[in-house]
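Shown here: final_21.cif, mmCIF, C-alpha atoms.
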```cif
data_input
loop_
_atom_site.label_atom_id
_atom_site.label_comp_id
_atom_site.auth_asym_id
_atom_site.auth_seq_id
_atom_site.Cartn_x
_atom_site.Cartn_y
_atom_site.Cartn_z
CA MET A 1 37.44 18.76 -11.33
CA SER A 2 38.90 18.13 -14.74
CA THR A 3 37.07 17.55 -17.98
CA ASP A 4 37.20 14.16 -19.68
CA SER A 5 38.49 13.70 -23.21
CA ASN A 6 35.10 12.24 -24.14
CA SER A 7 33.16 15.18 -22.70
CA SER A 8 31.98 16.36 -26.12
CA LYS A 9 30.15 13.07 -26.80
CA ASN A 10 26.56 12.62 -25.70
CA LYS A 11 26.82 9.05 -24.43
CA PHE A 12 23.41 8.88 -22.77
CA SER A 13 20.32 10.98 -22.24
CA VAL A 14 19.47 11.08 -18.54
CA SER A 15 16.50 11.54 -16.25
CA LEU A 16 18.05 12.82 -13.04
CA VAL A 17 16.30 12.31 -9.69
CA LEU A 18 17.60 14.47 -6.84
CA GLY A 19 16.67 13.56 -3.28
CA SER A 20 15.92 15.55 -0.14
CA GLY A 21 18.37 16.02 2.73
CA GLY A 22 19.17 19.65 3.56
CA ALA A 23 22.73 20.87 3.01
CA ARG A 24 23.79 17.37 1.97
CA GLY A 25 22.12 18.29 -1.31
CA MET A 26 25.19 20.27 -2.28
CA ALA A 27 26.48 16.86 -3.37
CA HIS A 28 23.89 17.08 -6.18
CA ILE A 29 25.99 19.85 -7.72
CA GLY A 30 29.02 17.57 -7.90
CA VAL A 31 26.96 14.82 -9.51
CA ILE A 32 25.68 17.23 -12.16
CA HIS A 33 29.22 18.44 -12.85
CA TRP A 34 30.41 14.86 -13.35
CA LEU A 35 27.56 14.02 -15.70
CA GLU A 36 28.07 17.12 -17.82
CA GLU A 37 31.84 16.73 -17.99
CA HIS A 38 31.50 13.16 -19.22
CA GLY A 39 28.98 13.81 -21.97
CA PHE A 40 25.71 12.78 -20.29
CA ASN A 41 22.78 14.87 -21.46
CA ILE A 42 20.39 15.70 -18.60
CA GLU A 43 16.98 15.98 -20.28
CA SER A 44 14.72 15.65 -17.24
CA ILE A 45 14.99 16.50 -13.53
CA SER A 46 12.74 15.51 -10.65
CA GLY A 47 13.55 16.73 -7.15
CA SER A 48 12.31 16.86 -3.59
CA SER A 49 13.28 19.66 -1.21
CA ILE A 50 16.97 20.53 -1.69
CA GLY A 51 16.88 18.32 -4.80
CA ALA A 52 14.16 20.56 -6.22
CA LEU A 53 16.28 23.62 -5.46
CA VAL A 54 19.53 22.37 -7.01
CA GLY A 55 17.67 20.73 -9.88
CA GLY A 56 15.68 23.88 -10.56
CA THR A 57 18.75 26.09 -10.76
CA HIS A 58 20.36 23.63 -13.17
CA ALA A 59 17.20 23.39 -15.28
CA ALA A 60 17.28 27.19 -15.49
CA ASN A 61 20.93 27.01 -16.65
CA LYS A 62 22.00 29.02 -13.60
CA LEU A 63 23.73 26.35 -11.49
CA ASP A 64 27.10 28.13 -11.70
CA ILE A 65 25.59 31.28 -10.14
CA PHE A 66 23.95 29.29 -7.35
CA GLU A 67 27.14 27.30 -6.74
CA ASN A 68 29.33 30.41 -6.44
CA TRP A 69 26.84 31.92 -4.00
CA VAL A 70 26.50 28.87 -1.78
CA ARG A 71 30.26 28.24 -1.67
CA ALA A 72 30.69 31.74 -0.18
CA LEU A 73 28.10 31.36 2.61
CA ASP A 74 29.24 31.45 6.22
CA THR A 75 27.26 30.88 9.40
CA VAL A 76 26.23 34.52 9.82
CA ASP A 77 25.00 34.63 6.20
CA ILE A 78 22.87 31.54 6.79
CA ILE A 79 21.29 32.90 9.97
CA ASN A 80 20.62 36.25 8.31
CA LEU A 81 18.64 34.49 5.57
CA LEU A 82 16.21 32.99 8.07
CA ASP A 83 13.16 35.16 8.68
CA VAL A 84 11.68 33.88 11.93
CA SER A 85 7.92 33.36 12.05
CA TRP A 86 5.74 32.49 15.03
CA HIS A 87 2.32 32.39 13.38
CA LYS A 88 2.38 30.42 10.11
CA GLY A 89 3.02 26.81 11.06
CA GLY A 90 6.79 26.98 10.80
CA PHE A 91 9.76 28.56 12.54
CA VAL A 92 10.92 30.30 9.34
CA LYS A 93 8.73 32.04 6.75
CA GLY A 94 11.20 31.40 3.92
CA ASP A 95 10.40 34.63 2.07
CA LYS A 96 13.91 36.01 2.52
CA ILE A 97 15.62 32.93 1.12
CA ILE A 98 13.33 32.75 -1.90
CA ALA A 99 13.68 36.50 -2.59
CA THR A 100 17.48 36.17 -2.48
CA LEU A 101 17.48 33.16 -4.81
CA THR A 102 15.02 34.80 -7.22
CA GLU A 103 17.28 37.83 -7.42
CA LEU A 104 20.26 35.57 -8.18
CA ILE A 105 18.62 33.22 -10.65
CA GLY A 106 15.81 35.34 -12.08
CA ASP A 107 12.05 34.92 -12.15
CA GLN A 108 11.69 31.77 -14.26
CA GLN A 109 8.61 29.89 -15.48
CA ILE A 110 8.94 26.09 -15.30
CA GLU A 111 7.27 25.51 -18.68
CA ASN A 112 9.90 27.73 -20.34
CA LEU A 113 12.94 25.95 -18.87
CA PRO A 114 15.28 24.20 -21.35
CA VAL A 115 15.11 21.00 -19.24
CA LYS A 116 11.95 19.14 -18.21
CA TYR A 117 11.51 19.81 -14.49
CA THR A 118 9.26 18.63 -11.66
CA ALA A 119 9.37 19.73 -8.03
CA VAL A 120 7.69 17.34 -5.62
CA ALA A 121 5.79 18.61 -2.56
CA THR A 122 3.38 16.96 -0.11
CA ASP A 123 -0.32 17.65 0.37
CA ILE A 124 -0.49 16.55 3.98
CA LYS A 125 -4.24 16.96 4.36
CA ASN A 126 -5.02 14.62 1.46
CA GLU A 127 -1.94 12.47 2.10
CA LYS A 128 -0.54 12.59 -1.41
CA GLU A 129 2.37 13.82 -3.46
CA VAL A 130 1.98 16.94 -5.57
CA TRP A 131 4.04 17.22 -8.75
CA ILE A 132 4.64 20.84 -9.73
CA ASN A 133 5.71 21.19 -13.36
CA ASN A 134 4.34 24.59 -14.34
CA GLY A 135 4.21 28.13 -13.01
CA PRO A 136 6.92 30.17 -11.27
CA LEU A 137 10.04 28.10 -10.56
CA PHE A 138 10.66 29.48 -7.10
CA ASP A 139 7.04 29.03 -6.03
CA ALA A 140 7.51 25.34 -6.79
CA ILE A 141 10.84 25.21 -4.98
CA ARG A 142 9.45 27.02 -1.95
CA ALA A 143 6.66 24.45 -1.66
CA SER A 144 9.06 21.54 -2.03
CA ILE A 145 11.47 22.75 0.69
CA SER A 146 8.78 23.37 3.34
CA LEU A 147 10.31 21.17 6.04
CA PRO A 148 7.67 20.67 8.78
CA LEU A 149 8.03 22.85 11.90
CA PHE A 150 10.96 24.63 10.25
CA PHE A 151 9.53 26.33 7.15
CA SER A 152 5.97 27.62 6.97
CA PRO A 153 3.71 25.59 4.63
CA VAL A 154 2.88 27.02 1.21
CA LYS A 155 -0.67 27.35 -0.12
CA ARG A 156 -1.07 26.45 -3.81
CA HIS A 157 -4.48 26.25 -5.48
CA GLY A 158 -6.08 26.36 -2.05
CA VAL A 159 -4.03 23.42 -0.71
CA GLU A 160 -1.30 23.68 1.94
CA LEU A 161 1.92 22.00 0.81
CA ILE A 162 4.95 20.88 2.80
CA ASP A 163 8.32 19.28 2.05
CA GLY A 164 8.28 16.71 -0.76
CA GLY A 165 10.62 14.46 1.19
CA ILE A 166 7.83 13.64 3.65
CA LEU A 167 6.25 11.16 1.23
CA ASN A 168 8.95 10.77 -1.41
CA PRO A 169 12.59 11.60 -0.55
CA VAL A 170 13.83 10.29 -3.93
CA PRO A 171 11.00 11.08 -6.41
CA ILE A 172 11.43 8.75 -9.37
CA GLY A 173 7.71 8.77 -10.25
CA PRO A 174 7.75 11.96 -12.38
CA THR A 175 10.44 10.44 -14.63
CA LEU A 176 8.73 7.10 -15.36
CA SER A 177 7.22 8.35 -18.61
CA ASP A 178 10.52 9.81 -19.85
CA SER A 179 12.07 8.35 -23.00
CA THR A 180 15.65 8.90 -21.84
CA ASP A 181 18.35 6.23 -21.90
CA LEU A 182 19.02 6.19 -18.16
CA THR A 183 17.41 7.17 -14.88
CA ILE A 184 20.02 8.19 -12.33
CA ALA A 185 18.93 8.89 -8.75
CA VAL A 186 20.81 10.51 -5.88
CA ASN A 187 19.75 9.43 -2.38
CA LEU A 188 20.97 11.69 0.44
CA GLY A 189 19.72 9.32 3.15
CA GLY A 190 22.38 6.63 3.04
CA LYS A 191 23.52 4.78 6.16
CA PRO A 192 25.76 6.83 8.48
CA GLU A 193 29.49 6.48 7.93
CA ALA A 194 32.41 7.26 10.23
CA LYS A 195 32.29 10.89 11.32
CA HIS A 196 33.66 13.35 8.82
CA VAL A 197 36.01 16.16 9.72
CA LEU A 198 34.04 19.12 8.47
CA THR A 199 35.69 22.04 6.76
CA ASN A 200 34.57 25.05 8.78
CA THR A 201 35.15 28.25 6.82
CA ASP A 202 34.53 30.22 10.00
CA ASN A 203 37.20 28.21 11.84
CA ASN A 204 34.57 27.62 14.53
CA LEU A 205 31.33 29.16 15.74
CA LYS A 206 32.85 31.10 18.62
CA GLN A 207 33.23 34.27 16.59
CA ASN A 208 29.63 34.08 15.35
CA ARG A 209 28.29 33.48 18.83
CA ALA A 210 30.38 36.31 20.20
CA GLU A 211 28.87 38.64 17.62
CA SER A 212 25.44 37.95 19.10
CA GLU A 213 26.35 38.54 22.76
CA ASP A 214 24.75 41.99 22.76
CA LEU A 215 21.44 40.72 21.40
CA SER A 216 18.36 40.14 23.53
CA PRO A 217 18.05 36.81 25.37
CA LEU A 218 15.39 35.73 22.86
CA SER A 219 17.63 36.57 19.91
CA ASN A 220 20.46 34.64 21.54
CA GLN A 221 18.22 31.61 21.92
CA ILE A 222 17.18 31.78 18.26
CA THR A 223 20.80 32.13 17.13
CA GLU A 224 21.88 29.20 19.30
CA PHE A 225 19.04 27.09 17.89
CA PHE A 226 20.17 27.69 14.32
CA ASN A 227 23.81 27.13 15.28
CA ARG A 228 22.76 23.67 16.43
CA LEU A 229 21.03 22.99 13.10
CA ILE A 230 24.15 24.09 11.24
CA ASP A 231 26.65 22.23 13.38
CA LYS A 232 24.92 18.89 14.02
CA ASN A 233 26.97 15.99 12.66
CA ASP A 234 26.23 13.01 14.89
CA ASP A 235 26.45 9.40 13.81
CA ASP A 236 23.73 8.43 16.25
CA ILE A 237 21.36 10.10 18.68
CA GLU A 238 23.09 10.25 22.05
CA PRO A 239 21.21 9.58 25.32
CA ASP A 240 21.51 13.22 26.34
CA SER A 241 20.47 14.64 22.96
CA ASN A 242 18.34 17.77 23.00
CA MET A 243 14.88 17.96 21.46
CA TYR A 244 16.14 19.18 18.09
CA GLU A 245 18.64 16.33 17.74
CA VAL A 246 15.95 13.75 18.53
CA VAL A 247 13.49 15.24 16.01
CA ASP A 248 16.18 15.68 13.36
CA GLY A 249 17.46 12.15 13.85
CA ALA A 250 13.93 10.74 13.73
CA PHE A 251 13.15 12.67 10.52
CA ASP A 252 16.35 11.45 8.85
CA THR A 253 15.59 7.87 9.85
CA MET A 254 12.01 8.16 8.57
CA GLN A 255 13.10 9.59 5.22
CA SER A 256 15.78 6.93 4.84
CA ALA A 257 13.22 4.16 5.41
CA ILE A 258 10.72 5.69 2.97
CA ALA A 259 13.45 6.17 0.36
CA SER A 260 14.44 2.50 0.64
CA GLN A 261 10.83 1.44 0.04
CA LYS A 262 10.35 3.78 -2.91
CA LEU A 263 13.63 2.73 -4.51
CA ALA A 264 12.73 -0.92 -4.11
CA ALA A 265 9.40 -0.32 -5.83
CA TYR A 266 10.82 1.88 -8.61
CA PRO A 267 14.54 1.16 -8.92
CA PRO A 268 16.52 3.60 -11.05
CA ASP A 269 19.10 2.36 -13.52
CA HIS A 270 21.82 3.75 -11.26
CA LEU A 271 21.73 4.98 -7.66
CA ILE A 272 24.27 7.32 -6.09
CA THR A 273 24.11 7.24 -2.29
CA ILE A 274 25.31 9.96 0.11
CA SER A 275 25.51 9.08 3.81
CA ARG A 276 23.04 11.02 5.95
CA ASN A 277 25.61 12.11 8.56
CA ASN A 278 27.75 14.09 6.13
CA CYS A 279 26.76 17.41 7.69
CA GLY A 280 24.08 19.28 9.62
CA ILE A 281 20.85 20.17 7.87
CA LEU A 282 21.90 23.82 7.41
CA ASP A 283 25.67 23.36 7.17
CA PHE A 284 26.06 25.06 3.82
CA ARG A 285 29.54 26.09 4.98
CA SER A 286 30.52 22.57 3.92
CA ALA A 287 29.29 23.17 0.36
CA SER A 288 32.71 22.89 -1.29
CA ARG A 289 33.49 19.59 0.44
CA LEU A 290 30.05 18.19 -0.38
CA ILE A 291 30.23 19.24 -4.04
CA ASP A 292 33.54 17.41 -4.36
CA HIS A 293 32.08 14.42 -2.52
CA GLY A 294 29.15 14.24 -4.94
CA TYR A 295 31.54 14.36 -7.89
CA GLU A 296 33.62 11.52 -6.42
CA LYS A 297 30.51 9.44 -5.69
CA ALA A 298 29.32 9.91 -9.26
CA GLN A 299 32.71 8.77 -10.54
CA SER A 300 32.77 5.66 -8.35
CA THR A 301 29.15 4.77 -9.17
CA LEU A 302 28.98 5.63 -12.86
CA GLY A 303 32.58 5.52 -14.04
CA HIS A 304 32.19 2.00 -15.41
CA LEU A 305 29.72 3.35 -17.99
CA LEU A 306 32.60 5.19 -19.64
CA LEU A 307 34.57 1.96 -19.95
CA ASP A 308 31.61 0.04 -21.34
CA ASN A 309 31.17 2.42 -24.28
#
```
As a first step, turn the structure in this file into structure tokens.
Amino acid sequence: MSTDSNSSKNKFSVSLVLGSGGARGMAHIGVIHWLEEHGFNIESISGSSIGALVGGTHAANKLDIFENWVRALDTVDIINLLDVSWHKGGFVKGDKIIATLTELIGDQQIENLPVKYTAVATDIKNEKEVWINNGPLFDAIRASISLPLFFSPVKRHGVELIDGGILNPVPIGPTLSDSTDLTIAVNLGGKPEAKHVLTNTDNNLKQNRAESEDLSPLSNQITEFFNRLIDKNDDDIEPDSNMYEVVDGAFDTMQSAIASQKLAAYPPDHLITISRNNCGILDFRSASRLIDHGYEKAQSTLGHLLLDN
């Protein structure tokens, strides 16, 4: 990624809306890089799920640290970050991931961030969105990434919260009162494209699976389950799909439909769309490819703004 000769000019102030979509959200990093390199000033960020995570690290001015960390992850690293839970409404507690990220980024308070920031979560009992724009940054992020059945819900002010993408995969609402020049949204639920050839930093999963051969049968089952989450990259749900693939495909389809409705009701000035079959939900091994893809999508979607000014 090279810097533009006009990078020192602040062409536009931007409200940036970052959507939900698991590891596909690494494309958000590429979008942010493109905006910064071409002089766009990100003054406000609203995010659901992975969008809240990437947006939060950028708002804290620590995106470079997060990016270096995620680019280095392999399959074993990902599995080791998942603390399995059987009793709290989700397969993974999420404490280990949040502790690791807090150590990397620091314990930040949202109201002290240099960029206006809102993480969007879902109050499922009362069927409404919850906008979190104060308090500890990673408490807000943890609530926003609470994917049902996968991560345990988070209790905030006596209310259980789950993934923000359930009700609003591309949360433009928190930016409507902004006085910025442009609202730019990134939707990770675009229509499937032809299958991508994924860059697998582990070469393949055989080595990782071999490393778990001496584990208990239960541990093997858990590892295999997460391998499926990491590796899934289907264009469509096949007739012989397992339960996870059906649920994952249904959730992606649901979020895509909701995002289309929300975007029709509150259209941003510019929309960057990432196809939903770019990678599996936990395939952070593809981070480098996805970051580059986000950068390229930003260029193809927003490049004309540079010519117009």
Exercise. For the file shown, what are the residues hit by the PyMOL selection byres ((chain A and resi 169) around 12), laid out as a ChimeraX atom specification?
Worked result: /A:17-22,25,46-52,119-122,129,144-145,147,163-168,170-173,185-190,251-263
Could you turn the residues from that selection into a file that holds C-alpha atoms, as a PDB file, keeping the file's coordinate frame?
```pdb
ATOM      1  CA  VAL A  17      16.300  12.310  -9.690  1.00  0.00           C
ATOM      2  CA  LEU A  18      17.600  14.470  -6.840  1.00  0.00           C
ATOM      3  CA  GLY A  19      16.670  13.560  -3.280  1.00  0.00           C
ATOM      4  CA  SER A  20      15.920  15.550  -0.140  1.00  0.00           C
ATOM      5  CA  GLY A  21      18.370  16.020   2.730  1.00  0.00           C
ATOM      6  CA  GLY A  22      19.170  19.650   3.560  1.00  0.00           C
ATOM      7  CA  GLY A  25      22.120  18.290  -1.310  1.00  0.00           C
ATOM      8  CA  SER A  46      12.740  15.510 -10.650  1.00  0.00           C
ATOM      9  CA  GLY A  47      13.550  16.730  -7.150  1.00  0.00           C
ATOM     10  CA  SER A  48      12.310  16.860  -3.590  1.00  0.00           C
ATOM     11  CA  SER A  49      13.280  19.660  -1.210  1.00  0.00           C
ATOM     12  CA  ILE A  50      16.970  20.530  -1.690  1.00  0.00           C
ATOM     13  CA  GLY A  51      16.880  18.320  -4.800  1.00  0.00           C
ATOM     14  CA  ALA A  52      14.160  20.560  -6.220  1.00  0.00           C
ATOM     15  CA  ALA A 119       9.370  19.730  -8.030  1.00  0.00           C
ATOM     16  CA  VAL A 120       7.690  17.340  -5.620  1.00  0.00           C
ATOM     17  CA  ALA A 121       5.790  18.610  -2.560  1.00  0.00           C
ATOM     18  CA  THR A 122       3.380  16.960  -0.110  1.00  0.00           C
ATOM     19  CA  GLU A 129       2.370  13.820  -3.460  1.00  0.00           C
ATOM     20  CA  SER A 144       9.060  21.540  -2.030  1.00  0.00           C
ATOM     21  CA  ILE A 145      11.470  22.750   0.690  1.00  0.00           C
ATOM     22  CA  LEU A 147      10.310  21.170   6.040  1.00  0.00           C
ATOM     23  CA  ASP A 163       8.320  19.280   2.050  1.00  0.00           C
ATOM     24  CA  GLY A 164       8.280  16.710  -0.760  1.00  0.00           C
ATOM     25  CA  GLY A 165      10.620  14.460   1.190  1.00  0.00           C
ATOM     26  CA  ILE A 166       7.830  13.640   3.650  1.00  0.00           C
ATOM     27  CA  LEU A 167       6.250  11.160   1.230  1.00  0.00           C
ATOM     28  CA  ASN A 168       8.950  10.770  -1.410  1.00  0.00           C
ATOM     29  CA  VAL A 170      13.830  10.290  -3.930  1.00  0.00           C
ATOM     30  CA  PRO A 171      11.000  11.080  -6.410  1.00  0.00           C
ATOM     31  CA  ILE A 172      11.430   8.750  -9.370  1.00  0.00           C
ATOM     32  CA  GLY A 173       7.710   8.770 -10.250  1.00  0.00           C
ATOM     33  CA  ALA A 185      18.930   8.890  -8.750  1.00  0.00           C
ATOM     34  CA  VAL A 186      20.810  10.510  -5.880  1.00  0.00           C
ATOM     35  CA  ASN A 187      19.750   9.430  -2.380  1.00  0.00           C
ATOM     36  CA  LEU A 188      20.970  11.690   0.440  1.00  0.00           C
ATOM     37  CA  GLY A 189      19.720   9.320   3.150  1.00  0.00           C
ATOM     38  CA  GLY A 190      22.380   6.630   3.040  1.00  0.00           C
ATOM     39  CA  PHE A 251      13.150  12.670  10.520  1.00  0.00           C
ATOM     40  CA  ASP A 252      16.350  11.450   8.850  1.00  0.00           C
ATOM     41  CA  THR A 253      15.590   7.870   9.850  1.00  0.00           C
ATOM     42  CA  MET A 254      12.010   8.160   8.570  1.00  0.00           C
ATOM     43  CA  GLN A 255      13.100   9.590   5.220  1.00  0.00           C
ATOM     44  CA  SER A 256      15.780   6.930   4.840  1.00  0.00           C
ATOM     45  CA  ALA A 257      13.220   4.160   5.410  1.00  0.00           C
ATOM     46  CA  ILE A 258      10.720   5.690   2.970  1.00  0.00           C
ATOM     47  CA  ALA A 259      13.450   6.170   0.360  1.00  0.00           C
ATOM     48  CA  SER A 260      14.440   2.500   0.640  1.00  0.00           C
ATOM     49  CA  GLN A 261      10.830   1.440   0.040  1.00  0.00           C
ATOM     50  CA  LYS A 262      10.350   3.780  -2.910  1.00  0.00           C
ATOM     51  CA  LEU A 263      13.630   2.730  -4.510  1.00  0.00           C
TER      52      LEU A 263
END
```
Exercise. Pick from A:Asn61, A:Thr75, A:Asn68, A:Thr102: nearest to Asp283 (chain A), with only C-alpha atoms counted?
Worked result: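 Closest to Asp283 (chain A), using only C-alpha atoms: A:Thr75.
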Problem set entry | For Leu307 (chain A), the nearest of the candidates A:Glu67, A:Glu36, A:Lys128, A:Lys11, counting only C-alpha atoms | A:Lys11
Exercise. Given the choices A:Lys96, A:His270, A:Arg289, A:His33, which gets closest to Leu302 (chain A) if the distance is worked out from all atoms listed in the file?
Worked result: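 Distance minimum relative to Leu302 (chain A) lands on A:His270.
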For this session: Report the distance between CA of Leu282 (chain A) and CA of Ile97 (chain A) in Å, rounded to one decimal place.
Result: 12.7 Å
For this session: Have a look at A:Tyr117, A:Ile29, A:Phe12, A:Thr175 and name the one nearest to Ser288 (chain A); count all atoms listed in the file.
Result: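 Comparing A:Tyr117, A:Ile29, A:Phe12, A:Thr175 against Ser288 (chain A), the winner is A:Ile29.
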Problem set entry | Hits of the PyMOL selection byres ((chain A and resi 40) around 7) in this structure, as a ChimeraX atom specification | /A:10-14,35-36,38-39,41-42
For this session: Any chance you could resolve the PyMOL selection byres ((chain A and resi 82) around 7) against this file and give the residues as JSON, numbers by chain?
Result: {"A": [78, 79, 80, 81, 83, 84, 92, 94, 96, 97]}
Exercise. Which neighbours of Ala27 (chain A) fall inside 6 Å, counting all atoms listed in the file, when residues of the same chain fewer than 5 positions from it are skipped, and could you give them as a ChimeraX atom specification?
Worked result: /A:290-291,294
